[in-house]
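J.: If it helps, the file is called run_35.tsv and holds TSV, C-alpha atoms and all ligand atoms:
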chain	number	residue	atom	x	y	z
D	1	MET	CA	0.00	0.00	0.00
D	2	LEU	CA	1.48	3.33	-1.14
D	3	THR	CA	0.15	6.70	0.01
D	4	ILE	CA	1.53	10.10	-0.96
D	5	TYR	CA	0.75	13.06	1.31
D	6	GLY	CA	0.99	16.44	-0.37
D	7	GLY	CA	-0.28	19.97	-0.53
D	8	SER	CA	-0.48	22.60	-3.27
D	9	THR	CA	3.29	22.92	-3.66
D	10	PHE	CA	5.94	22.14	-6.25
D	11	ASN	CA	7.72	19.72	-3.88
D	12	ALA	CA	4.62	17.51	-3.74
D	13	THR	CA	4.22	17.81	-7.53
D	14	LYS	CA	7.67	16.24	-7.99
D	15	VAL	CA	6.54	13.06	-6.23
D	16	LEU	CA	3.14	12.84	-7.94
D	17	PHE	CA	4.75	13.46	-11.36
D	18	THR	CA	7.28	10.68	-10.71
D	19	ALA	CA	4.63	8.24	-9.45
D	20	GLU	CA	2.47	8.98	-12.51
D	21	GLU	CA	5.37	8.50	-14.94
D	22	LEU	CA	6.15	5.17	-13.26
D	23	GLY	CA	2.49	4.12	-13.49
D	24	LEU	CA	2.35	3.33	-9.78
D	25	ASP	CA	-0.82	2.47	-7.97
D	26	TYR	CA	-1.11	4.88	-5.03
D	27	ASP	CA	-3.48	6.93	-2.93
D	28	TYR	CA	-3.08	10.67	-2.72
D	29	VAL	CA	-3.97	12.59	0.44
D	30	HIS	CA	-4.07	16.35	0.02
D	31	LEU	CA	-3.35	18.30	3.22
D	32	ASP	CA	-4.90	21.71	3.61
D	33	PHE	CA	-2.21	24.17	4.73
D	34	THR	CA	-4.73	26.89	5.54
D	35	SER	CA	-6.36	24.74	8.24
D	36	GLY	CA	-2.96	23.48	9.49
D	37	GLU	CA	-3.54	19.83	8.56
D	38	HIS	CA	0.20	19.46	7.90
D	39	LYS	CA	0.94	20.29	11.56
D	40	SER	CA	-1.54	17.77	12.98
D	41	GLU	CA	-0.29	15.00	15.26
D	42	ALA	CA	-1.10	12.45	12.55
D	43	HIS	CA	1.08	14.24	9.99
D	44	LEU	CA	3.90	14.96	12.45
D	45	ALA	CA	4.16	11.18	12.83
D	46	ARG	CA	4.85	11.00	9.08
D	47	HIS	CA	7.13	14.03	8.80
D	48	PRO	CA	9.01	15.31	11.88
D	49	LEU	CA	8.78	18.94	10.71
D	50	GLY	CA	5.15	18.74	9.58
D	51	LYS	CA	5.96	19.40	5.94
D	52	VAL	CA	4.95	17.88	2.62
D	53	PRO	CA	5.54	15.76	0.69
D	54	ALA	CA	5.64	12.59	2.76
D	55	LEU	CA	5.01	9.01	1.79
D	56	GLU	CA	3.82	5.87	3.48
D	57	HIS	CA	4.71	2.51	1.97
D	58	ASN	CA	3.91	-0.79	3.66
D	59	GLY	CA	4.06	0.83	7.11
D	60	HIS	CA	7.26	2.85	6.45
D	61	TYR	CA	7.19	6.66	6.51
D	62	LEU	CA	9.56	8.60	4.27
D	63	TYR	CA	10.01	12.28	3.35
D	64	GLU	CA	12.15	14.72	1.30
D	65	SER	CA	10.85	15.05	-2.23
D	66	ALA	CA	13.97	14.05	-4.20
D	67	SER	CA	14.57	11.04	-1.92
D	68	LEU	CA	10.94	10.03	-2.39
D	69	CYS	CA	11.29	10.18	-6.19
D	70	ARG	CA	14.46	8.09	-6.02
D	71	TYR	CA	12.67	5.59	-3.77
D	72	LEU	CA	9.73	5.30	-6.19
D	73	ALA	CA	12.16	4.64	-9.07
D	74	ASN	CA	14.04	2.07	-6.97
D	75	ILE	CA	10.86	0.10	-6.24
D	76	SER	CA	10.03	0.22	-9.98
D	77	ASP	CA	13.06	-1.67	-11.30
D	78	LYS	CA	15.05	1.60	-11.39
D	79	ARG	CA	12.94	2.96	-14.25
D	80	LEU	CA	13.61	6.74	-14.67
D	81	TYR	CA	16.87	6.07	-12.76
D	82	SER	CA	19.70	3.61	-13.41
D	83	ALA	CA	21.09	0.32	-12.19
D	84	TYR	CA	24.58	1.55	-13.22
D	85	PRO	CA	26.32	3.41	-10.38
D	86	VAL	CA	27.93	6.07	-12.59
D	87	LYS	CA	24.70	6.82	-14.47
D	88	ALA	CA	22.75	6.87	-11.18
D	89	ALA	CA	25.37	9.26	-9.73
D	90	GLU	CA	25.01	11.55	-12.77
D	91	ILE	CA	21.25	11.64	-12.23
D	92	ASP	CA	21.78	12.31	-8.50
D	93	GLN	CA	24.27	15.09	-9.20
D	94	MET	CA	21.84	16.77	-11.60
D	95	ILE	CA	19.08	16.57	-8.95
D	96	ASP	CA	21.38	18.15	-6.34
D	97	MET	CA	22.63	20.73	-8.81
D	98	VAL	CA	19.12	21.87	-9.74
D	99	CYS	CA	17.63	21.69	-6.22
D	100	ASP	CA	20.55	23.44	-4.49
D	101	HIS	CA	21.17	26.12	-7.10
D	102	ALA	CA	18.70	27.21	-9.82
D	103	GLY	CA	15.76	25.55	-8.03
D	104	ARG	CA	16.61	27.30	-4.79
D	105	TRP	CA	16.55	30.72	-6.49
D	106	LEU	CA	13.44	29.98	-8.53
D	107	ALA	CA	11.77	29.11	-5.22
D	108	VAL	CA	12.55	32.66	-4.01
D	109	TYR	CA	10.51	34.05	-6.91
D	110	PHE	CA	7.69	31.60	-6.19
D	111	TYR	CA	7.67	32.43	-2.49
D	112	GLN	CA	7.98	36.19	-2.91
D	113	GLU	CA	5.66	36.70	-5.87
D	114	PHE	CA	3.08	33.98	-5.28
D	115	VAL	CA	2.98	32.69	-1.68
D	116	MET	CA	3.58	36.08	0.00
D	117	MET	CA	1.02	37.81	-2.16
D	118	LYS	CA	-1.63	35.09	-2.19
D	119	TYR	CA	-1.48	33.89	1.41
D	120	TYR	CA	-0.01	36.83	3.36
D	121	LYS	CA	-1.28	39.68	1.14
D	122	LYS	CA	2.22	41.20	1.24
D	123	SER	CA	4.17	42.54	-1.69
D	124	ALA	CA	7.35	40.84	-2.87
D	125	ASP	CA	10.69	41.78	-1.33
D	126	GLU	CA	12.46	43.34	-4.31
D	127	LYS	CA	15.90	42.85	-2.75
D	128	ALA	CA	15.29	39.10	-2.45
D	129	ILE	CA	14.11	38.97	-6.08
D	130	ALA	CA	17.17	40.90	-7.30
D	131	GLU	CA	19.48	38.52	-5.43
D	132	ALA	CA	17.68	35.48	-6.91
D	133	LYS	CA	17.90	36.98	-10.41
D	134	GLY	CA	21.65	37.50	-9.99
D	135	PHE	CA	22.21	33.85	-9.08
D	136	LEU	CA	19.88	32.57	-11.83
D	137	ASP	CA	21.77	34.62	-14.42
D	138	GLN	CA	24.88	32.67	-13.41
D	139	GLN	CA	23.25	29.24	-13.12
D	140	LEU	CA	20.67	28.95	-15.91
D	141	PRO	CA	23.25	29.03	-18.77
D	142	PHE	CA	24.52	25.63	-17.56
D	143	LEU	CA	21.01	24.14	-17.79
D	144	GLU	CA	20.49	25.80	-21.17
D	145	LYS	CA	23.70	24.22	-22.51
D	146	THR	CA	22.73	20.82	-21.07
D	147	LEU	CA	19.31	20.98	-22.73
D	148	GLU	CA	20.80	22.27	-26.00
D	149	GLU	CA	22.83	19.05	-26.15
D	150	SER	CA	20.09	16.58	-25.17
D	151	PRO	CA	16.29	16.55	-24.84
D	152	TYR	CA	16.32	15.79	-21.12
D	153	LEU	CA	18.58	16.78	-18.23
D	154	CYS	CA	20.48	13.49	-18.25
D	155	GLY	CA	20.44	12.48	-21.89
D	156	SER	CA	17.94	11.20	-24.39
D	157	GLU	CA	15.54	9.66	-21.87
D	158	LEU	CA	13.35	11.17	-19.17
D	159	THR	CA	14.77	10.49	-15.67
D	160	ILE	CA	13.93	11.52	-12.14
D	161	ALA	CA	16.29	14.48	-12.70
D	162	ASP	CA	13.53	15.91	-14.94
D	163	THR	CA	10.58	14.94	-12.75
D	164	VAL	CA	12.32	16.49	-9.71
D	165	ALA	CA	13.59	19.60	-11.52
D	166	TYR	CA	10.58	20.58	-13.60
D	167	PRO	CA	7.86	21.40	-11.02
D	168	ILE	CA	9.62	24.53	-9.69
D	169	PHE	CA	9.99	25.82	-13.28
D	170	HIS	CA	6.29	25.16	-13.78
D	171	ALA	CA	5.38	26.97	-10.54
D	172	CYS	CA	7.44	29.98	-11.67
D	173	ARG	CA	5.32	30.44	-14.77
D	174	SER	CA	3.11	32.63	-12.61
D	175	THR	CA	6.06	34.82	-11.53
D	176	SER	CA	8.26	37.40	-13.25
D	177	VAL	CA	11.09	34.91	-13.95
D	178	ASP	CA	12.12	35.59	-17.54
D	179	LEU	CA	13.41	32.56	-19.45
D	180	SER	CA	13.26	34.13	-22.91
D	181	ALA	CA	17.07	34.02	-23.21
D	182	TYR	CA	16.97	30.22	-22.74
D	183	PRO	CA	15.20	28.58	-25.72
D	184	SER	CA	16.27	25.04	-24.81
D	185	ILE	CA	14.94	25.38	-21.25
D	186	LEU	CA	11.68	26.69	-22.72
D	187	ARG	CA	11.49	23.74	-25.13
D	188	TRP	CA	12.08	21.28	-22.24
D	189	GLN	CA	9.52	23.12	-20.11
D	190	THR	CA	6.84	22.87	-22.79
D	191	ALA	CA	7.58	19.19	-23.47
D	192	LEU	CA	7.33	18.29	-19.77
D	193	SER	CA	4.20	20.35	-19.14
D	194	GLU	CA	2.48	18.48	-21.98
D	195	ARG	CA	3.25	15.01	-20.63
D	196	PRO	CA	0.02	13.23	-19.63
D	197	ALA	CA	1.70	12.10	-16.37
D	198	PHE	CA	2.43	15.71	-15.40
D	199	GLN	CA	-1.11	16.76	-16.23
D	200	ARG	CA	-2.52	13.92	-14.13
D	201	ALA	CA	-0.23	14.95	-11.25
D	202	VAL	CA	-1.35	18.59	-11.20
D	203	ALA	CA	-4.99	17.59	-11.64
D	204	LYS	CA	-4.80	15.86	-8.25
D	205	MET	CA	-4.12	19.13	-6.50
D	206	PRO	CA	-6.84	21.64	-5.79
D	207	THR	CA	-5.69	25.11	-6.98
U	1	LIG	N1	13.31	19.79	1.22
U	1	LIG	C1	11.94	19.42	1.43
U	1	LIG	C2	11.13	20.69	1.56
U	1	LIG	C3	9.73	20.40	2.11
U	1	LIG	C4	8.99	21.71	2.32
U	1	LIG	O1	9.59	22.74	2.72
U	1	LIG	N2	7.69	21.68	2.06
U	1	LIG	C5	6.92	22.88	2.20
U	1	LIG	C6	6.03	23.06	0.99
U	1	LIG	S1	6.99	23.30	-0.48
U	1	LIG	C7	6.02	22.76	3.42
U	1	LIG	O2	5.53	21.69	3.72
U	1	LIG	N3	5.79	23.89	4.08
U	1	LIG	C8	4.90	23.95	5.18
U	1	LIG	C9	5.58	24.30	6.47
U	1	LIG	O3	6.82	24.31	6.52
U	1	LIG	O4	4.87	24.58	7.41
U	1	LIG	C10	11.44	18.54	0.27
U	1	LIG	O5	12.01	18.65	-0.82
U	1	LIG	O6	10.52	17.73	0.47
Would you mind giving the structure from this file in structure tokens?

T.:
Amino acid sequence: MLTIYGGSTFNATKVLFTAEELGLDYDYVHLDFTSGEHKSEAHLARHPLGKVPALEHNGHYLYESASLCRYLANISDKRLYSAYPVKAAEIDQMIDMVCDHAGRWLAVYFYQEFVMMKYYKKSADEKAIAEAKGFLDQQLPFLEKTLEESPYLCGSELTIADTVAYPIFHACRSTSVDLSAYPSILRWQTALSERPAFQRAVAKMPT
């Protein structure tokens, strides 16, 4: 029995997208942040910090979105991942690279221009946005070059590097992040957004 606990956030989308691409049979439980469901005793037993996503599989609780995606691939004969240590390490390094660098700064845009405005009715902190833009200007050219050379982040096939990396790019479509200088990233973004598995994943989340 596999259950994914999520909320309306790009980190939960990563796990649903991966599960859908793998064709897994799972239940999805959507936690309502506004009523504090993620801080309930029941959810704190699944995630020590009361965050999403979290996963329950055969009585085991797991959390951290990229680790969850890797786990789902591992229980699916390593599909979207690799049985070869070097290839698996290349996929892992791309996940870390995107999450720790470009993804981190894209998340600043999402937080400042979407979460702050929608949930806290506050305007974006322009200094934080300028800092994020400065780092993205340094980091996005690497992703552009990678995607110029191959259709996906780790070569010719979709991997969990893509299913983990893409949701923050998708979330930032409603922000002022400007990707017009990066045609290969835009091509990758469109291709992933059109995947039926991605569309099924986002359809599970109330807006
Ligand atoms: N590194 C974690 C981040 C988890 C996280 O921060 N989740 C946010 C939503 S994107 C959350 O649950 N926030 C609610 C809270 O912290 O109260 C992951 O990738 O799963």

J.: Show me, as a Markdown table, the residues of chain D having an atom within 7 Å of ligand LIG 1 (chain U), each with the closest atom pair and its distance in Å, using all atoms listed in the file.

T.:
| residue | atom | partner | partner_atom | distance |
| --- | --- | --- | --- | --- |
| D:Thr9 | CA | U:LIG1 | S1 | 4.9 |
| D:Phe10 | CA | U:LIG1 | S1 | 6.0 |
| D:Asn11 | CA | U:LIG1 | S1 | 5.0 |
| D:His38 | CA | U:LIG1 | O4 | 6.9 |
| D:Gly50 | CA | U:LIG1 | O4 | 6.2 |
| D:Lys51 | CA | U:LIG1 | O2 | 3.2 |
| D:Val52 | CA | U:LIG1 | O2 | 4.0 |
| D:Pro53 | CA | U:LIG1 | O6 | 5.4 |
| D:Tyr63 | CA | U:LIG1 | O6 | 6.2 |
| D:Glu64 | CA | U:LIG1 | O6 | 3.5 |
| D:Ser65 | CA | U:LIG1 | O6 | 3.8 |
| D:Ala66 | CA | U:LIG1 | O5 | 6.0 |

J.: Once you count only C-alpha atoms, what closest atom pair and distance in Å to one decimal does each residue of stretch 32-125 of chain D within 12 Å of stretch 161-180 of chain D have, with rows by chain and rising residue number, as a Markdown table?

T.:
| residue | atom | partner | partner_atom | distance |
| --- | --- | --- | --- | --- |
| D:Glu64 | CA | D:Val164 | CA | 11.2 |
| D:Ser65 | CA | D:Val164 | CA | 7.8 |
| D:Ala66 | CA | D:Val164 | CA | 6.2 |
| D:Ser67 | CA | D:Val164 | CA | 9.8 |
| D:Leu68 | CA | D:Val164 | CA | 9.9 |
| D:Cys69 | CA | D:Val164 | CA | 7.3 |
| D:Arg70 | CA | D:Val164 | CA | 9.4 |
| D:Leu72 | CA | D:Thr163 | CA | 11.7 |
| D:Ala73 | CA | D:Thr163 | CA | 11.1 |
| D:Leu80 | CA | D:Ala161 | CA | 8.4 |
| D:Tyr81 | CA | D:Ala161 | CA | 8.4 |
| D:Ser82 | CA | D:Ala161 | CA | 11.4 |
| D:Lys87 | CA | D:Ala161 | CA | 11.5 |
| D:Ala88 | CA | D:Ala161 | CA | 10.1 |
| D:Ala89 | CA | D:Ala161 | CA | 10.9 |
| D:Glu90 | CA | D:Ala161 | CA | 9.2 |
| D:Ile91 | CA | D:Ala161 | CA | 5.7 |
| D:Asp92 | CA | D:Ala161 | CA | 7.2 |
| D:Gln93 | CA | D:Ala161 | CA | 8.7 |
| D:Met94 | CA | D:Ala161 | CA | 6.1 |
| D:Ile95 | CA | D:Ala161 | CA | 5.1 |
| D:Asp96 | CA | D:Ala161 | CA | 8.9 |
| D:Met97 | CA | D:Ala165 | CA | 9.5 |
| D:Val98 | CA | D:Ala165 | CA | 6.2 |
| D:Cys99 | CA | D:Ala165 | CA | 7.0 |
| D:Asp100 | CA | D:Ala165 | CA | 10.6 |
| D:His101 | CA | D:Ala165 | CA | 10.9 |
| D:Ala102 | CA | D:Ala165 | CA | 9.3 |
| D:Gly103 | CA | D:Ile168 | CA | 6.4 |
| D:Arg104 | CA | D:Ile168 | CA | 9.0 |
| D:Trp105 | CA | D:Ile168 | CA | 9.8 |
| D:Leu106 | CA | D:Ile168 | CA | 6.8 |
| D:Ala107 | CA | D:Ile168 | CA | 6.8 |
| D:Val108 | CA | D:Cys172 | CA | 9.6 |
| D:Tyr109 | CA | D:Thr175 | CA | 6.5 |
| D:Phe110 | CA | D:Cys172 | CA | 5.7 |
| D:Tyr111 | CA | D:Thr175 | CA | 9.5 |
| D:Gln112 | CA | D:Thr175 | CA | 8.9 |
| D:Glu113 | CA | D:Thr175 | CA | 6.0 |
| D:Phe114 | CA | D:Thr175 | CA | 7.0 |
| D:Val115 | CA | D:Thr175 | CA | 10.5 |
| D:Met116 | CA | D:Thr175 | CA | 11.9 |
| D:Met117 | CA | D:Thr175 | CA | 11.1 |
| D:Lys118 | CA | D:Ser174 | CA | 11.7 |
| D:Ala124 | CA | D:Thr175 | CA | 10.6 |

J.: Could you name the residues that touch D:His57 at 10 Å or less, counting all atoms listed in the file, but leaving out those on the same chain fewer than 6 positions away, as an mmCIF file with C-alpha atoms, keeping the file's coordinate frame?

T.:
data_model
loop_
_atom_site.group_PDB
_atom_site.id
_atom_site.type_symbol
_atom_site.label_atom_id
_atom_site.label_comp_id
_atom_site.auth_asym_id
_atom_site.auth_seq_id
_atom_site.Cartn_x
_atom_site.Cartn_y
_atom_site.Cartn_z
ATOM 1 C CA MET D 1 0.000 0.000 0.000
ATOM 2 C CA LEU D 2 1.480 3.330 -1.140
ATOM 3 C CA THR D 3 0.150 6.700 0.010
ATOM 4 C CA ILE D 4 1.530 10.100 -0.960
ATOM 5 C CA TYR D 26 -1.110 4.880 -5.030
ATOM 6 C CA LEU D 72 9.730 5.300 -6.190
#

J.: Taking into account all atoms listed in the file, which residue in the set D:Thr18, D:Glu148, D:Pro206, D:Leu158 is nearest to D:Ala191?

T.: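 Using all atoms listed in the file, the shortest distance to D:Ala191 belongs to D:Leu158.
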
J.: Between atom CA of D:Arg79 and atom CA of D:His47, what is the spacing in Å?

T.: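 Here the two named atoms are 26.2 Å from each other.
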
J.: Extract, using all atoms listed in the file, all DNA, RNA and protein residues at most 10 Å from D:Pro141, discarding same-chain residues fewer than 6 positions from it, and format them as a ChimeraX atom specification.

T.: /D:147,181-182,185

J.: Around stretch 3-19 of chain D, fit a box with edges along x, y and z, padding it by 8 Å on each side, then list its centre and edge lengths in Å to one decimal as AutoDock Vina command-line options.

T.:
--center_x 3.6 --center_y 14.8 --center_z -5.0 --size_x 24.2 --size_y 32.2 --size_z 28.7

J.: What is the atom CA of D:Tyr5-atom CA of D:Ala54 distance in Å, reported with one decimal?

T.: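 Computing the Euclidean distance for atom CA of D:Tyr5 and atom CA of D:Ala54 yields 5.1 Å.
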
J.: Determine the nearest neighbour of D:Leu143 from the options D:Ser76, D:Ser184, D:Gln199, D:Asn58, counting only C-alpha atoms.

T.: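 Closest to D:Leu143, using only C-alpha atoms: D:Ser184.
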
J.: Between atom CA of D:Tyr120 and atom CA of D:Ser8, what is the distance, to one decimal in Å?

T.: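 Taking atom CA of D:Tyr120 as the start and atom CA of D:Ser8 as the end point, the length is 15.7 Å.
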
J.: Can you put N, CA, C and O atoms back into stretch 69-94 of chain D and show it as a PDB file, in the coordinates of the input?

T.:
ATOM      1  N   CYS D  69      11.306  10.514  -4.755  1.00  0.00           N
ATOM      2  CA  CYS D  69      11.290  10.180  -6.190  1.00  0.00           C
ATOM      3  C   CYS D  69      12.281   9.058  -6.475  1.00  0.00           C
ATOM      4  O   CYS D  69      12.000   8.129  -7.241  1.00  0.00           O
ATOM      5  N   ARG D  70      13.446   9.136  -5.843  1.00  0.00           N
ATOM      6  CA  ARG D  70      14.460   8.090  -6.020  1.00  0.00           C
ATOM      7  C   ARG D  70      13.921   6.758  -5.487  1.00  0.00           C
ATOM      8  O   ARG D  70      14.091   5.710  -6.099  1.00  0.00           O
ATOM      9  N   TYR D  71      13.234   6.809  -4.357  1.00  0.00           N
ATOM     10  CA  TYR D  71      12.670   5.590  -3.770  1.00  0.00           C
ATOM     11  C   TYR D  71      11.629   4.980  -4.726  1.00  0.00           C
ATOM     12  O   TYR D  71      11.634   3.761  -4.972  1.00  0.00           O
ATOM     13  N   LEU D  72      10.770   5.815  -5.284  1.00  0.00           N
ATOM     14  CA  LEU D  72       9.730   5.300  -6.190  1.00  0.00           C
ATOM     15  C   LEU D  72      10.378   4.640  -7.419  1.00  0.00           C
ATOM     16  O   LEU D  72       9.921   3.593  -7.892  1.00  0.00           O
ATOM     17  N   ALA D  73      11.452   5.250  -7.926  1.00  0.00           N
ATOM     18  CA  ALA D  73      12.160   4.640  -9.070  1.00  0.00           C
ATOM     19  C   ALA D  73      12.802   3.313  -8.645  1.00  0.00           C
ATOM     20  O   ALA D  73      12.770   2.330  -9.387  1.00  0.00           O
ATOM     21  N   ASN D  74      13.370   3.295  -7.443  1.00  0.00           N
ATOM     22  CA  ASN D  74      14.040   2.070  -6.970  1.00  0.00           C
ATOM     23  C   ASN D  74      13.060   0.903  -6.809  1.00  0.00           C
ATOM     24  O   ASN D  74      13.421  -0.246  -7.070  1.00  0.00           O
ATOM     25  N   ILE D  75      11.831   1.205  -6.391  1.00  0.00           N
ATOM     26  CA  ILE D  75      10.860   0.100  -6.240  1.00  0.00           C
ATOM     27  C   ILE D  75      10.187  -0.218  -7.571  1.00  0.00           C
ATOM     28  O   ILE D  75       9.284  -1.041  -7.628  1.00  0.00           O
ATOM     29  N   SER D  76      10.607   0.446  -8.641  1.00  0.00           N
ATOM     30  CA  SER D  76      10.030   0.220  -9.980  1.00  0.00           C
ATOM     31  C   SER D  76      11.133  -0.249 -10.929  1.00  0.00           C
ATOM     32  O   SER D  76      11.241   0.251 -12.057  1.00  0.00           O
ATOM     33  N   ASP D  77      11.973  -1.151 -10.462  1.00  0.00           N
ATOM     34  CA  ASP D  77      13.060  -1.670 -11.300  1.00  0.00           C
ATOM     35  C   ASP D  77      13.988  -0.589 -11.810  1.00  0.00           C
ATOM     36  O   ASP D  77      14.527  -0.691 -12.923  1.00  0.00           O
ATOM     37  N   LYS D  78      14.147   0.483 -11.051  1.00  0.00           N
ATOM     38  CA  LYS D  78      15.050   1.600 -11.390  1.00  0.00           C
ATOM     39  C   LYS D  78      14.649   2.315 -12.678  1.00  0.00           C
ATOM     40  O   LYS D  78      15.481   2.982 -13.317  1.00  0.00           O
ATOM     41  N   ARG D  79      13.386   2.172 -13.092  1.00  0.00           N
ATOM     42  CA  ARG D  79      12.940   2.960 -14.250  1.00  0.00           C
ATOM     43  C   ARG D  79      13.037   4.441 -13.885  1.00  0.00           C
ATOM     44  O   ARG D  79      12.856   4.812 -12.728  1.00  0.00           O
ATOM     45  N   LEU D  80      13.352   5.292 -14.845  1.00  0.00           N
ATOM     46  CA  LEU D  80      13.610   6.740 -14.670  1.00  0.00           C
ATOM     47  C   LEU D  80      14.895   7.001 -13.873  1.00  0.00           C
ATOM     48  O   LEU D  80      15.194   8.132 -13.518  1.00  0.00           O
ATOM     49  N   TYR D  81      15.630   5.934 -13.540  1.00  0.00           N
ATOM     50  CA  TYR D  81      16.870   6.070 -12.760  1.00  0.00           C
ATOM     51  C   TYR D  81      17.868   5.147 -13.455  1.00  0.00           C
ATOM     52  O   TYR D  81      17.798   4.982 -14.687  1.00  0.00           O
ATOM     53  N   SER D  82      18.790   4.519 -12.737  1.00  0.00           N
ATOM     54  CA  SER D  82      19.700   3.610 -13.410  1.00  0.00           C
ATOM     55  C   SER D  82      20.253   2.569 -12.452  1.00  0.00           C
ATOM     56  O   SER D  82      20.487   2.864 -11.279  1.00  0.00           O
ATOM     57  N   ALA D  83      20.466   1.383 -12.982  1.00  0.00           N
ATOM     58  CA  ALA D  83      21.090   0.320 -12.190  1.00  0.00           C
ATOM     59  C   ALA D  83      22.616   0.475 -12.225  1.00  0.00           C
ATOM     60  O   ALA D  83      23.327  -0.209 -11.486  1.00  0.00           O
ATOM     61  N   TYR D  84      23.120   1.361 -13.106  1.00  0.00           N
ATOM     62  CA  TYR D  84      24.580   1.550 -13.220  1.00  0.00           C
ATOM     63  C   TYR D  84      25.023   2.678 -12.307  1.00  0.00           C
ATOM     64  O   TYR D  84      24.532   3.816 -12.445  1.00  0.00           O
ATOM     65  N   PRO D  85      25.956   2.395 -11.368  1.00  0.00           N
ATOM     66  CA  PRO D  85      26.320   3.410 -10.380  1.00  0.00           C
ATOM     67  C   PRO D  85      26.723   4.765 -10.962  1.00  0.00           C
ATOM     68  O   PRO D  85      26.330   5.805 -10.434  1.00  0.00           O
ATOM     69  N   VAL D  86      27.489   4.761 -12.063  1.00  0.00           N
ATOM     70  CA  VAL D  86      27.930   6.070 -12.590  1.00  0.00           C
ATOM     71  C   VAL D  86      26.745   6.846 -13.161  1.00  0.00           C
ATOM     72  O   VAL D  86      26.596   8.043 -12.918  1.00  0.00           O
ATOM     73  N   LYS D  87      25.866   6.140 -13.890  1.00  0.00           N
ATOM     74  CA  LYS D  87      24.700   6.820 -14.470  1.00  0.00           C
ATOM     75  C   LYS D  87      23.771   7.312 -13.343  1.00  0.00           C
ATOM     76  O   LYS D  87      23.259   8.439 -13.383  1.00  0.00           O
ATOM     77  N   ALA D  88      23.595   6.464 -12.324  1.00  0.00           N
ATOM     78  CA  ALA D  88      22.750   6.870 -11.180  1.00  0.00           C
ATOM     79  C   ALA D  88      23.362   8.093 -10.496  1.00  0.00           C
ATOM     80  O   ALA D  88      22.646   9.036 -10.125  1.00  0.00           O
ATOM     81  N   ALA D  89      24.706   8.114 -10.372  1.00  0.00           N
ATOM     82  CA  ALA D  89      25.370   9.260  -9.730  1.00  0.00           C
ATOM     83  C   ALA D  89      25.210  10.522 -10.576  1.00  0.00           C
ATOM     84  O   ALA D  89      25.063  11.630 -10.049  1.00  0.00           O
ATOM     85  N   GLU D  90      25.208  10.369 -11.914  1.00  0.00           N
ATOM     86  CA  GLU D  90      25.010  11.550 -12.770  1.00  0.00           C
ATOM     87  C   GLU D  90      23.589  12.104 -12.602  1.00  0.00           C
ATOM     88  O   GLU D  90      23.388  13.316 -12.608  1.00  0.00           O
ATOM     89  N   ILE D  91      22.631  11.189 -12.456  1.00  0.00           N
ATOM     90  CA  ILE D  91      21.250  11.640 -12.230  1.00  0.00           C
ATOM     91  C   ILE D  91      21.159  12.328 -10.858  1.00  0.00           C
ATOM     92  O   ILE D  91      20.588  13.410 -10.731  1.00  0.00           O
ATOM     93  N   ASP D  92      21.787  11.707  -9.845  1.00  0.00           N
ATOM     94  CA  ASP D  92      21.780  12.310  -8.500  1.00  0.00           C
ATOM     95  C   ASP D  92      22.447  13.680  -8.506  1.00  0.00           C
ATOM     96  O   ASP D  92      21.972  14.618  -7.861  1.00  0.00           O
ATOM     97  N   GLN D  93      23.561  13.797  -9.223  1.00  0.00           N
ATOM     98  CA  GLN D  93      24.270  15.090  -9.200  1.00  0.00           C
ATOM     99  C   GLN D  93      23.438  16.169  -9.891  1.00  0.00           C
ATOM    100  O   GLN D  93      23.421  17.331  -9.460  1.00  0.00           O
ATOM    101  N   MET D  94      22.700  15.782 -10.940  1.00  0.00           N
ATOM    102  CA  MET D  94      21.840  16.770 -11.600  1.00  0.00           C
ATOM    103  C   MET D  94      20.706  17.195 -10.649  1.00  0.00           C
ATOM    104  O   MET D  94      20.349  18.376 -10.570  1.00  0.00           O
TER     105      MET D  94
END
